[in-house]
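**Student:** Input input_22.cif, format and content: mmCIF, C-alpha atoms.
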```
data_my_file
loop_
_atom_site.group_PDB
_atom_site.id
_atom_site.type_symbol
_atom_site.label_atom_id
_atom_site.label_comp_id
_atom_site.auth_asym_id
_atom_site.auth_seq_id
_atom_site.Cartn_x
_atom_site.Cartn_y
_atom_site.Cartn_z
ATOM 1 C CA ASN A 1 -19.558 -0.752 5.591
ATOM 2 C CA ALA A 2 -16.957 1.751 6.829
ATOM 3 C CA GLY A 3 -13.799 -0.453 6.796
ATOM 4 C CA VAL A 4 -10.819 1.718 7.758
ATOM 5 C CA THR A 5 -11.549 5.337 8.628
ATOM 6 C CA GLN A 6 -8.871 8.003 8.862
ATOM 7 C CA THR A 7 -9.144 11.543 10.152
ATOM 8 C CA PRO A 8 -8.410 14.208 9.150
ATOM 9 C CA LYS A 9 -8.351 13.945 5.359
ATOM 10 C CA PHE A 10 -6.207 17.062 4.962
ATOM 11 C CA GLN A 11 -3.952 19.004 7.305
ATOM 12 C CA VAL A 12 -1.506 21.866 7.028
ATOM 13 C CA LEU A 13 0.999 22.335 9.835
ATOM 14 C CA LYS A 14 3.794 24.741 10.542
ATOM 15 C CA THR A 15 7.232 23.375 11.337
ATOM 16 C CA GLY A 16 7.403 22.377 14.981
ATOM 17 C CA GLN A 17 3.671 21.888 15.492
ATOM 18 C CA SER A 18 2.329 18.575 16.695
ATOM 19 C CA MET A 19 -0.675 16.576 15.616
ATOM 20 C CA THR A 20 -2.248 13.152 15.838
ATOM 21 C CA LEU A 21 -3.639 11.218 12.905
ATOM 22 C CA GLN A 22 -6.516 8.975 13.871
ATOM 23 C CA CYS A 23 -7.376 5.587 12.423
ATOM 24 C CA ALA A 24 -10.182 3.190 13.261
ATOM 25 C CA GLN A 25 -11.280 -0.082 11.706
ATOM 26 C CA ASP A 26 -14.535 -1.939 12.162
ATOM 27 C CA MET A 27 -13.500 -5.285 10.639
ATOM 28 C CA ASN A 28 -12.292 -6.808 13.926
ATOM 29 C CA HIS A 29 -8.774 -7.041 12.501
ATOM 30 C CA ASN A 30 -5.898 -7.793 14.823
ATOM 31 C CA SER A 31 -3.147 -5.955 12.966
ATOM 32 C CA MET A 32 -2.890 -2.305 11.983
ATOM 33 C CA TYR A 33 -0.284 -0.293 10.088
ATOM 34 C CA TRP A 34 0.770 3.235 9.278
ATOM 35 C CA TYR A 35 2.422 4.039 5.940
ATOM 36 C CA ARG A 36 3.578 7.131 4.193
ATOM 37 C CA GLN A 37 3.547 7.521 0.423
ATOM 38 C CA ASP A 38 5.866 9.899 -1.362
ATOM 39 C CA PRO A 39 6.356 10.365 -5.117
ATOM 40 C CA GLY A 40 8.802 7.827 -6.521
ATOM 41 C CA MET A 41 9.215 6.085 -3.153
ATOM 42 C CA GLY A 42 6.273 3.752 -2.903
ATOM 43 C CA LEU A 43 4.500 3.065 0.356
ATOM 44 C CA ARG A 44 6.841 2.861 3.326
ATOM 45 C CA LEU A 45 5.910 1.371 6.675
ATOM 46 C CA ILE A 46 6.232 3.733 9.618
ATOM 47 C CA TYR A 47 4.898 1.626 12.505
ATOM 48 C CA TYR A 48 2.685 -1.364 12.886
ATOM 49 C CA SER A 49 0.750 -3.144 15.600
ATOM 50 C CA ALA A 50 0.482 -6.905 15.224
ATOM 51 C CA SER A 51 -2.134 -7.087 17.948
ATOM 52 C CA GLU A 52 -3.751 -4.975 20.622
ATOM 53 C CA GLY A 53 -1.141 -3.867 23.121
ATOM 54 C CA THR A 54 1.882 -4.216 20.841
ATOM 55 C CA THR A 55 3.585 -1.789 18.488
ATOM 56 C CA ASP A 56 6.772 -2.092 16.444
ATOM 57 C CA LYS A 57 8.880 0.138 14.262
ATOM 58 C CA GLY A 58 8.747 -0.157 10.537
ATOM 59 C CA GLU A 59 11.076 1.178 7.887
ATOM 60 C CA VAL A 60 10.821 4.912 8.646
ATOM 61 C CA PRO A 61 9.795 5.444 12.303
ATOM 62 C CA ASN A 62 11.903 8.505 13.144
ATOM 63 C CA GLY A 63 9.832 11.530 14.089
ATOM 64 C CA TYR A 64 6.680 9.523 14.791
ATOM 65 C CA ASN A 65 5.011 7.777 17.703
ATOM 66 C CA VAL A 66 2.012 5.497 17.750
ATOM 67 C CA SER A 67 -0.631 4.284 20.169
ATOM 68 C CA ARG A 68 -2.785 1.199 19.794
ATOM 69 C CA LEU A 69 -5.632 2.494 21.904
ATOM 70 C CA ASN A 70 -7.749 -0.646 21.591
ATOM 71 C CA LYS A 71 -8.397 -3.266 18.938
ATOM 72 C CA ARG A 72 -10.176 -0.765 16.713
ATOM 73 C CA GLU A 73 -7.959 2.300 16.936
ATOM 74 C CA PHE A 74 -4.355 3.035 16.026
ATOM 75 C CA SER A 75 -3.118 6.621 16.106
ATOM 76 C CA LEU A 76 0.025 8.221 14.678
ATOM 77 C CA ARG A 77 1.548 11.252 16.359
ATOM 78 C CA LEU A 78 3.976 13.801 14.979
ATOM 79 C CA GLU A 79 5.514 15.504 17.996
ATOM 80 C CA SER A 80 7.373 18.242 16.134
ATOM 81 C CA ALA A 81 6.476 18.317 12.464
ATOM 82 C CA ALA A 82 9.172 18.889 9.863
ATOM 83 C CA PRO A 83 8.837 19.696 6.141
ATOM 84 C CA SER A 84 10.269 16.228 5.378
ATOM 85 C CA GLN A 85 7.094 14.786 6.873
ATOM 86 C CA THR A 86 4.975 16.302 4.123
ATOM 87 C CA SER A 87 3.373 13.228 2.633
ATOM 88 C CA VAL A 88 0.222 11.187 2.232
ATOM 89 C CA TYR A 89 -0.349 8.936 5.224
ATOM 90 C CA PHE A 90 -2.305 5.709 4.987
ATOM 91 C CA CYS A 91 -3.564 3.523 7.758
ATOM 92 C CA ALA A 92 -4.238 -0.144 7.016
ATOM 93 C CA SER A 93 -5.481 -3.195 8.831
ATOM 94 C CA SER A 94 -5.322 -6.926 8.313
ATOM 95 C CA HIS A 95 -6.794 -9.975 9.955
ATOM 96 C CA THR A 96 -3.512 -11.747 10.581
ATOM 97 C CA PRO A 97 -0.118 -10.540 11.810
ATOM 98 C CA THR A 98 1.346 -11.825 8.589
ATOM 99 C CA GLY A 99 -0.424 -8.887 7.013
ATOM 100 C CA ASN A 100 -0.961 -10.686 3.772
ATOM 101 C CA ILE A 101 -4.016 -8.756 2.679
ATOM 102 C CA GLN A 102 -4.262 -5.262 3.998
ATOM 103 C CA TYR A 103 -7.194 -2.897 3.761
ATOM 104 C CA PHE A 104 -6.429 0.787 3.557
ATOM 105 C CA GLY A 105 -8.080 3.955 4.730
ATOM 106 C CA ALA A 106 -8.618 6.871 2.367
ATOM 107 C CA GLY A 107 -5.457 8.640 3.514
ATOM 108 C CA THR A 108 -4.446 11.911 5.156
ATOM 109 C CA ARG A 109 -2.704 14.535 3.032
ATOM 110 C CA LEU A 110 -0.307 16.420 5.286
ATOM 111 C CA SER A 111 1.684 19.492 4.371
ATOM 112 C CA VAL A 112 4.291 20.879 6.745
ATOM 113 C CA LEU A 113 5.361 24.423 5.936
ATOM 114 C CA ARG B 1 18.825 -2.352 -5.619
ATOM 115 C CA LYS B 2 15.188 -1.840 -4.649
ATOM 116 C CA GLU B 3 13.427 -4.774 -3.040
ATOM 117 C CA VAL B 4 10.567 -4.535 -5.506
ATOM 118 C CA GLU B 5 11.069 -2.898 -8.886
ATOM 119 C CA GLN B 6 8.511 -1.835 -11.411
ATOM 120 C CA ASP B 7 8.573 0.180 -14.615
ATOM 121 C CA PRO B 8 6.817 3.412 -13.633
ATOM 122 C CA GLY B 9 5.303 3.884 -17.096
ATOM 123 C CA PRO B 10 3.045 5.453 -18.061
ATOM 124 C CA PHE B 11 1.684 2.798 -20.345
ATOM 125 C CA ASN B 12 -0.711 4.502 -22.746
ATOM 126 C CA VAL B 13 -2.940 1.969 -24.496
ATOM 127 C CA PRO B 14 -6.164 2.199 -26.501
ATOM 128 C CA GLU B 15 -9.354 0.684 -25.243
ATOM 129 C CA GLY B 16 -9.525 -3.011 -26.059
ATOM 130 C CA ALA B 17 -5.764 -3.510 -26.024
ATOM 131 C CA THR B 18 -3.891 -6.100 -24.022
ATOM 132 C CA VAL B 19 -1.213 -4.782 -21.713
ATOM 133 C CA ALA B 20 1.271 -6.529 -19.446
ATOM 134 C CA PHE B 21 3.274 -5.293 -16.483
ATOM 135 C CA ASN B 22 6.250 -6.983 -14.889
ATOM 136 C CA CYS B 23 7.700 -6.636 -11.453
ATOM 137 C CA THR B 24 10.924 -8.059 -10.040
ATOM 138 C CA TYR B 25 11.742 -8.728 -6.408
ATOM 139 C CA SER B 26 15.117 -9.210 -4.774
ATOM 140 C CA ASN B 27 14.380 -11.398 -1.756
ATOM 141 C CA SER B 28 14.274 -15.035 -2.764
ATOM 142 C CA ALA B 29 12.611 -15.879 0.577
ATOM 143 C CA SER B 30 9.511 -13.874 -0.331
ATOM 144 C CA GLN B 31 6.398 -15.820 0.457
ATOM 145 C CA SER B 32 3.343 -14.058 -0.905
ATOM 146 C CA PHE B 33 2.704 -11.770 -3.820
ATOM 147 C CA PHE B 34 -0.063 -9.377 -4.715
ATOM 148 C CA TRP B 35 -1.184 -6.762 -7.170
ATOM 149 C CA TYR B 36 -2.883 -3.718 -5.693
ATOM 150 C CA ARG B 37 -4.601 -1.017 -7.689
ATOM 151 C CA GLN B 38 -4.434 2.646 -6.735
ATOM 152 C CA ASP B 39 -6.601 5.264 -8.397
ATOM 153 C CA CYS B 40 -5.387 8.846 -8.495
ATOM 154 C CA ARG B 41 -5.437 10.371 -5.002
ATOM 155 C CA LYS B 42 -7.094 7.275 -3.545
ATOM 156 C CA GLU B 43 -6.006 4.432 -1.320
ATOM 157 C CA PRO B 44 -4.498 1.167 -2.621
ATOM 158 C CA LYS B 45 -6.944 -1.700 -2.983
ATOM 159 C CA LEU B 46 -6.186 -5.374 -3.466
ATOM 160 C CA LEU B 47 -6.629 -6.398 -7.076
ATOM 161 C CA MET B 48 -5.518 -9.989 -6.799
ATOM 162 C CA SER B 49 -3.141 -12.357 -5.097
ATOM 163 C CA VAL B 50 -0.509 -14.095 -7.222
ATOM 164 C CA TYR B 51 0.002 -17.824 -6.984
ATOM 165 C CA SER B 52 2.775 -20.014 -8.355
ATOM 166 C CA SER B 53 0.300 -21.792 -10.579
ATOM 167 C CA GLY B 54 -0.928 -18.499 -12.000
ATOM 168 C CA ASN B 55 -4.405 -17.176 -11.494
ATOM 169 C CA GLU B 56 -7.047 -15.417 -13.484
ATOM 170 C CA ASP B 57 -9.853 -13.107 -12.504
ATOM 171 C CA GLY B 58 -11.938 -12.076 -15.470
ATOM 172 C CA ARG B 59 -9.754 -9.963 -17.760
ATOM 173 C CA PHE B 60 -6.827 -10.056 -15.342
ATOM 174 C CA THR B 61 -4.168 -12.766 -15.208
ATOM 175 C CA ALA B 62 -1.311 -12.861 -12.727
ATOM 176 C CA GLN B 63 1.765 -15.046 -12.959
ATOM 177 C CA LEU B 64 4.651 -15.738 -10.629
ATOM 178 C CA ASN B 65 8.072 -16.976 -11.689
ATOM 179 C CA ARG B 66 10.013 -17.831 -8.552
ATOM 180 C CA ALA B 67 13.130 -18.941 -10.401
ATOM 181 C CA SER B 68 13.491 -15.559 -12.088
ATOM 182 C CA GLN B 69 11.902 -13.660 -9.212
ATOM 183 C CA TYR B 70 9.335 -11.777 -11.190
ATOM 184 C CA ILE B 71 5.606 -11.294 -11.154
ATOM 185 C CA SER B 72 3.445 -10.270 -14.052
ATOM 186 C CA LEU B 73 -0.015 -8.845 -14.547
ATOM 187 C CA LEU B 74 -1.828 -9.147 -17.874
ATOM 188 C CA ILE B 75 -4.915 -7.095 -18.601
ATOM 189 C CA ARG B 76 -6.958 -8.106 -21.628
ATOM 190 C CA ASP B 77 -9.557 -5.962 -23.400
ATOM 191 C CA SER B 78 -8.544 -2.835 -21.488
ATOM 192 C CA LYS B 79 -11.315 -0.506 -20.327
ATOM 193 C CA LEU B 80 -11.137 3.203 -19.605
ATOM 194 C CA SER B 81 -11.879 2.299 -15.996
ATOM 195 C CA ASP B 82 -8.647 0.285 -15.819
ATOM 196 C CA SER B 83 -6.687 3.547 -15.823
ATOM 197 C CA ALA B 84 -4.846 3.539 -12.507
ATOM 198 C CA THR B 85 -1.504 2.784 -10.919
ATOM 199 C CA TYR B 86 -0.782 -0.890 -10.332
ATOM 200 C CA LEU B 87 1.348 -1.718 -7.315
ATOM 201 C CA CYS B 88 3.374 -4.898 -7.063
ATOM 202 C CA VAL B 89 3.471 -6.064 -3.440
ATOM 203 C CA VAL B 90 5.631 -8.722 -1.829
ATOM 204 C CA TYR B 91 5.462 -10.293 1.616
ATOM 205 C CA THR B 92 8.716 -11.740 2.952
ATOM 206 C CA GLY B 93 7.365 -13.077 6.211
ATOM 207 C CA THR B 94 9.399 -10.588 8.207
ATOM 208 C CA ALA B 95 7.663 -8.568 10.884
ATOM 209 C CA SER B 96 4.331 -8.312 9.125
ATOM 210 C CA LYS B 97 5.955 -6.243 6.462
ATOM 211 C CA LEU B 98 4.592 -5.858 2.974
ATOM 212 C CA THR B 99 7.021 -4.279 0.510
ATOM 213 C CA PHE B 100 5.416 -2.128 -2.143
ATOM 214 C CA GLY B 101 6.772 -1.305 -5.550
ATOM 215 C CA THR B 102 6.486 2.294 -6.671
ATOM 216 C CA GLY B 103 3.776 1.344 -9.136
ATOM 217 C CA THR B 104 3.172 1.259 -12.875
ATOM 218 C CA ARG B 105 0.783 3.817 -14.253
ATOM 219 C CA LEU B 106 -1.703 2.726 -16.896
ATOM 220 C CA GLN B 107 -3.703 5.155 -19.001
ATOM 221 C CA VAL B 108 -6.349 3.656 -21.261
ATOM 222 C CA THR B 109 -7.590 5.989 -23.986
ATOM 223 C CA LEU B 110 -10.448 6.011 -26.486
#
```
Represent the structure of the file as structure tokens.

**Tutor:**
Amino acid sequence: NAGVTQTPKFQVLKTGQSMTLQCAQDMNHNSMYWYRQDPGMGLRLIYYSASEGTTDKGEVPNGYNVSRLNKREFSLRLESAAPSQTSVYFCASSHTPTGNIQYFGAGTRLSVL
Amino acid sequence: RKEVEQDPGPFNVPEGATVAFNCTYSNSASQSFFWYRQDCRKEPKLLMSVYSSGNEDGRFTAQLNRASQYISLLIRDSKLSDSATYLCVVYTGTASKLTFGTGTRLQVTL
């Protein structure tokens, strides 16, 4: 009954360091998403993958890259972390590309110093 | 103007009270509407979808007014466990994108 699993749960980086956030879902969903959540801003879409083999930019893609490794896994990479990327990151998945109902992972709390 | 606007609250209500939240959206082409619930430091979870005819799930009632472009959530007989942030979510049919409001915080007290 795992649903959407994100790792790590917490991370502290120094400016300029790189890291990859991992996400996996076991619901056989086609579509997966990465969001960031900042105080007063709501959830904002970074990248999404409508199906295996495709990825598209969302609202705030700058500074990030993604890989849809297979149907289950969708990773988010920060190549050179900046303090502005301090946030809570959520991965989500949905059955259809229309993304009507999305199921979220528990989140990754990232601090960039 | 934000695509989805909500009163951030907090709404502080006693147990047993009825409380209502409204949300407005700017895109008249929006197709689907939802309320998600987010507990402190947790992930958002779907509370209920919102249909034009209105829908009810136990103590929760959601309404959609397309003409005025707003969505409402009514919680009756509030419980302590209802304390959370309620996110209004709109789907416009564009690029699989859900647009989230910033949320309305509810605190139910004894």

**Student:** If we draw a sphere of 10 Å around (-5.6, 0.5, -23.1), which residues have at least one atom in it when counting only C-alpha atoms? Please report them as a PyMOL selection string.

**Tutor:** chain B and resi 11-19+75-83+106-110

**Student:** Per residue of chain A within 9 Å of chain B, note the shortest atom pair and the distance in Å to one decimal, counting only C-alpha atoms, and order the rows by chain and increasing residue number, as CSV.

**Tutor:**
```
residue,atom,partner,partner_atom,distance
A:Ser31,CA,B:Ser96,CA,8.7
A:Pro39,CA,B:Thr102,CA,8.2
A:Gly40,CA,B:Thr102,CA,6.0
A:Met41,CA,B:Thr102,CA,5.8
A:Gly42,CA,B:Thr102,CA,4.0
A:Leu43,CA,B:Phe100,CA,5.8
A:Arg44,CA,B:Phe100,CA,7.5
A:Leu45,CA,B:Lys97,CA,7.6
A:Tyr48,CA,B:Ser96,CA,8.1
A:Ala50,CA,B:Ser96,CA,7.3
A:Asp56,CA,B:Ala95,CA,8.6
A:Gly58,CA,B:Lys97,CA,7.8
A:Phe90,CA,B:Glu43,CA,7.4
A:Thr96,CA,B:Ser96,CA,8.7
A:Pro97,CA,B:Ser96,CA,5.7
A:Thr98,CA,B:Ser96,CA,4.6
A:Gly99,CA,B:Ser96,CA,5.2
A:Asn100,CA,B:Tyr91,CA,6.8
A:Ile101,CA,B:Leu46,CA,7.3
A:Gln102,CA,B:Leu46,CA,7.7
A:Tyr103,CA,B:Lys45,CA,6.9
A:Phe104,CA,B:Glu43,CA,6.1
A:Gly105,CA,B:Glu43,CA,6.4
A:Ala106,CA,B:Glu43,CA,5.1
A:Gly107,CA,B:Glu43,CA,6.4
```

**Student:** For C-alpha atoms, I'd like the residues from the last selection saved as a CSV table (one decimal), keeping the file's coordinate frame.

**Tutor:**
```csv
chain,number,residue,atom,x,y,z
A,31,SER,CA,-3.1,-6.0,13.0
A,39,PRO,CA,6.4,10.4,-5.1
A,40,GLY,CA,8.8,7.8,-6.5
A,41,MET,CA,9.2,6.1,-3.2
A,42,GLY,CA,6.3,3.8,-2.9
A,43,LEU,CA,4.5,3.1,0.4
A,44,ARG,CA,6.8,2.9,3.3
A,45,LEU,CA,5.9,1.4,6.7
A,48,TYR,CA,2.7,-1.4,12.9
A,50,ALA,CA,0.5,-6.9,15.2
A,56,ASP,CA,6.8,-2.1,16.4
A,58,GLY,CA,8.7,-0.2,10.5
A,90,PHE,CA,-2.3,5.7,5.0
A,96,THR,CA,-3.5,-11.7,10.6
A,97,PRO,CA,-0.1,-10.5,11.8
A,98,THR,CA,1.3,-11.8,8.6
A,99,GLY,CA,-0.4,-8.9,7.0
A,100,ASN,CA,-1.0,-10.7,3.8
A,101,ILE,CA,-4.0,-8.8,2.7
A,102,GLN,CA,-4.3,-5.3,4.0
A,103,TYR,CA,-7.2,-2.9,3.8
A,104,PHE,CA,-6.4,0.8,3.6
A,105,GLY,CA,-8.1,4.0,4.7
A,106,ALA,CA,-8.6,6.9,2.4
A,107,GLY,CA,-5.5,8.6,3.5
```

**Student:** Check the smallest atom-to-atom distance from each of A:Val12, A:Ile46, A:Ala2, A:Val88 to A:Val66 using only C-alpha atoms, then report the winner.

**Tutor:**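 The shortest atom-to-atom distance to A:Val66 comes from A:Ile46.
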
**Student:** In Å, how far is it from atom CA of B:Arg66 to atom CA of B:Leu47?

**Tutor:** 20.2 Å

**Student:** Taking 4 positions as the minimum chain separation for residues in the same chain, which residues sit within 10 Å of B:Ser68 when counting only C-alpha atoms? Answer as number ranges by chain.

**Tutor:** B: 24-26, 28, 64

**Student:** So that I have them on file, write out the residues from the current selection with C-alpha atoms, as a short mmCIF file (atom, residue, chain, number, x, y, z; two decimals), in the frame of the given file.

**Tutor:**
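What follows is the written file out-v8.cif:
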```cif
data_model
loop_
_atom_site.label_atom_id
_atom_site.label_comp_id
_atom_site.auth_asym_id
_atom_site.auth_seq_id
_atom_site.Cartn_x
_atom_site.Cartn_y
_atom_site.Cartn_z
CA THR B 24 10.92 -8.06 -10.04
CA TYR B 25 11.74 -8.73 -6.41
CA SER B 26 15.12 -9.21 -4.77
CA SER B 28 14.27 -15.04 -2.76
CA LEU B 64 4.65 -15.74 -10.63
#
```

**Student:** Write out as a ChimeraX atom specification each polymer residue whose atoms come within 9 Å of A:Arg68, counting all atoms listed in the file; drop sequence neighbours fewer than 2 positions from it.

**Tutor:** /A:32,49,51-55,66,70-75

**Student:** For the point (-8.5, -10.9, -16.5) in file coordinates, what residues are within 10 Å, counting only C-alpha atoms? Give the answer as a list in words?

**Tutor:**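 In the file's frame, the residues around the point are Asn55, Glu56, Asp57, Gly58, Arg59, Phe60, Thr61, Ala62, Leu73, Leu74, Ile75, Arg76, Asp77 and Ser78 of chain B.
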
**Student:** Emit the selected residues as a PDB file, keeping the file's coordinate frame, including C-alpha atoms.

**Tutor:**
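Resulting contents of part05.pdb:
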```pdb
ATOM      1  CA  ASN B  55      -4.405 -17.176 -11.494  1.00  0.00           C
ATOM      2  CA  GLU B  56      -7.047 -15.417 -13.484  1.00  0.00           C
ATOM      3  CA  ASP B  57      -9.853 -13.107 -12.504  1.00  0.00           C
ATOM      4  CA  GLY B  58     -11.938 -12.076 -15.470  1.00  0.00           C
ATOM      5  CA  ARG B  59      -9.754  -9.963 -17.760  1.00  0.00           C
ATOM      6  CA  PHE B  60      -6.827 -10.056 -15.342  1.00  0.00           C
ATOM      7  CA  THR B  61      -4.168 -12.766 -15.208  1.00  0.00           C
ATOM      8  CA  ALA B  62      -1.311 -12.861 -12.727  1.00  0.00           C
ATOM      9  CA  LEU B  73      -0.015  -8.845 -14.547  1.00  0.00           C
ATOM     10  CA  LEU B  74      -1.828  -9.147 -17.874  1.00  0.00           C
ATOM     11  CA  ILE B  75      -4.915  -7.095 -18.601  1.00  0.00           C
ATOM     12  CA  ARG B  76      -6.958  -8.106 -21.628  1.00  0.00           C
ATOM     13  CA  ASP B  77      -9.557  -5.962 -23.400  1.00  0.00           C
ATOM     14  CA  SER B  78      -8.544  -2.835 -21.488  1.00  0.00           C
TER      15      SER B  78
END
```

**Student:** Given all atoms listed in the file as the basis, pick out the residue of B:Arg105, B:Ala84, B:Tyr70, B:Cys40 nearest to B:Ser52.

**Tutor:**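 Closest to B:Ser52, using all atoms listed in the file: B:Tyr70.
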
**Student:** Smallest atom-to-atom distance to A:Gln85: which of A:Ser111, A:Gln11, A:Thr5, A:Asn30, using all atoms listed in the file?

**Tutor:**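 Looking only at the distances to A:Gln85, the closest residue turns out to be A:Ser111.
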
**Student:** Considering all atoms listed in the file, state which residue in the set A:Val60, A:Met27, A:Leu69, A:Leu78 is at the smallest distance from A:His95.

**Tutor:**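 Of all the options, A:Met27 lies closest to A:His95.
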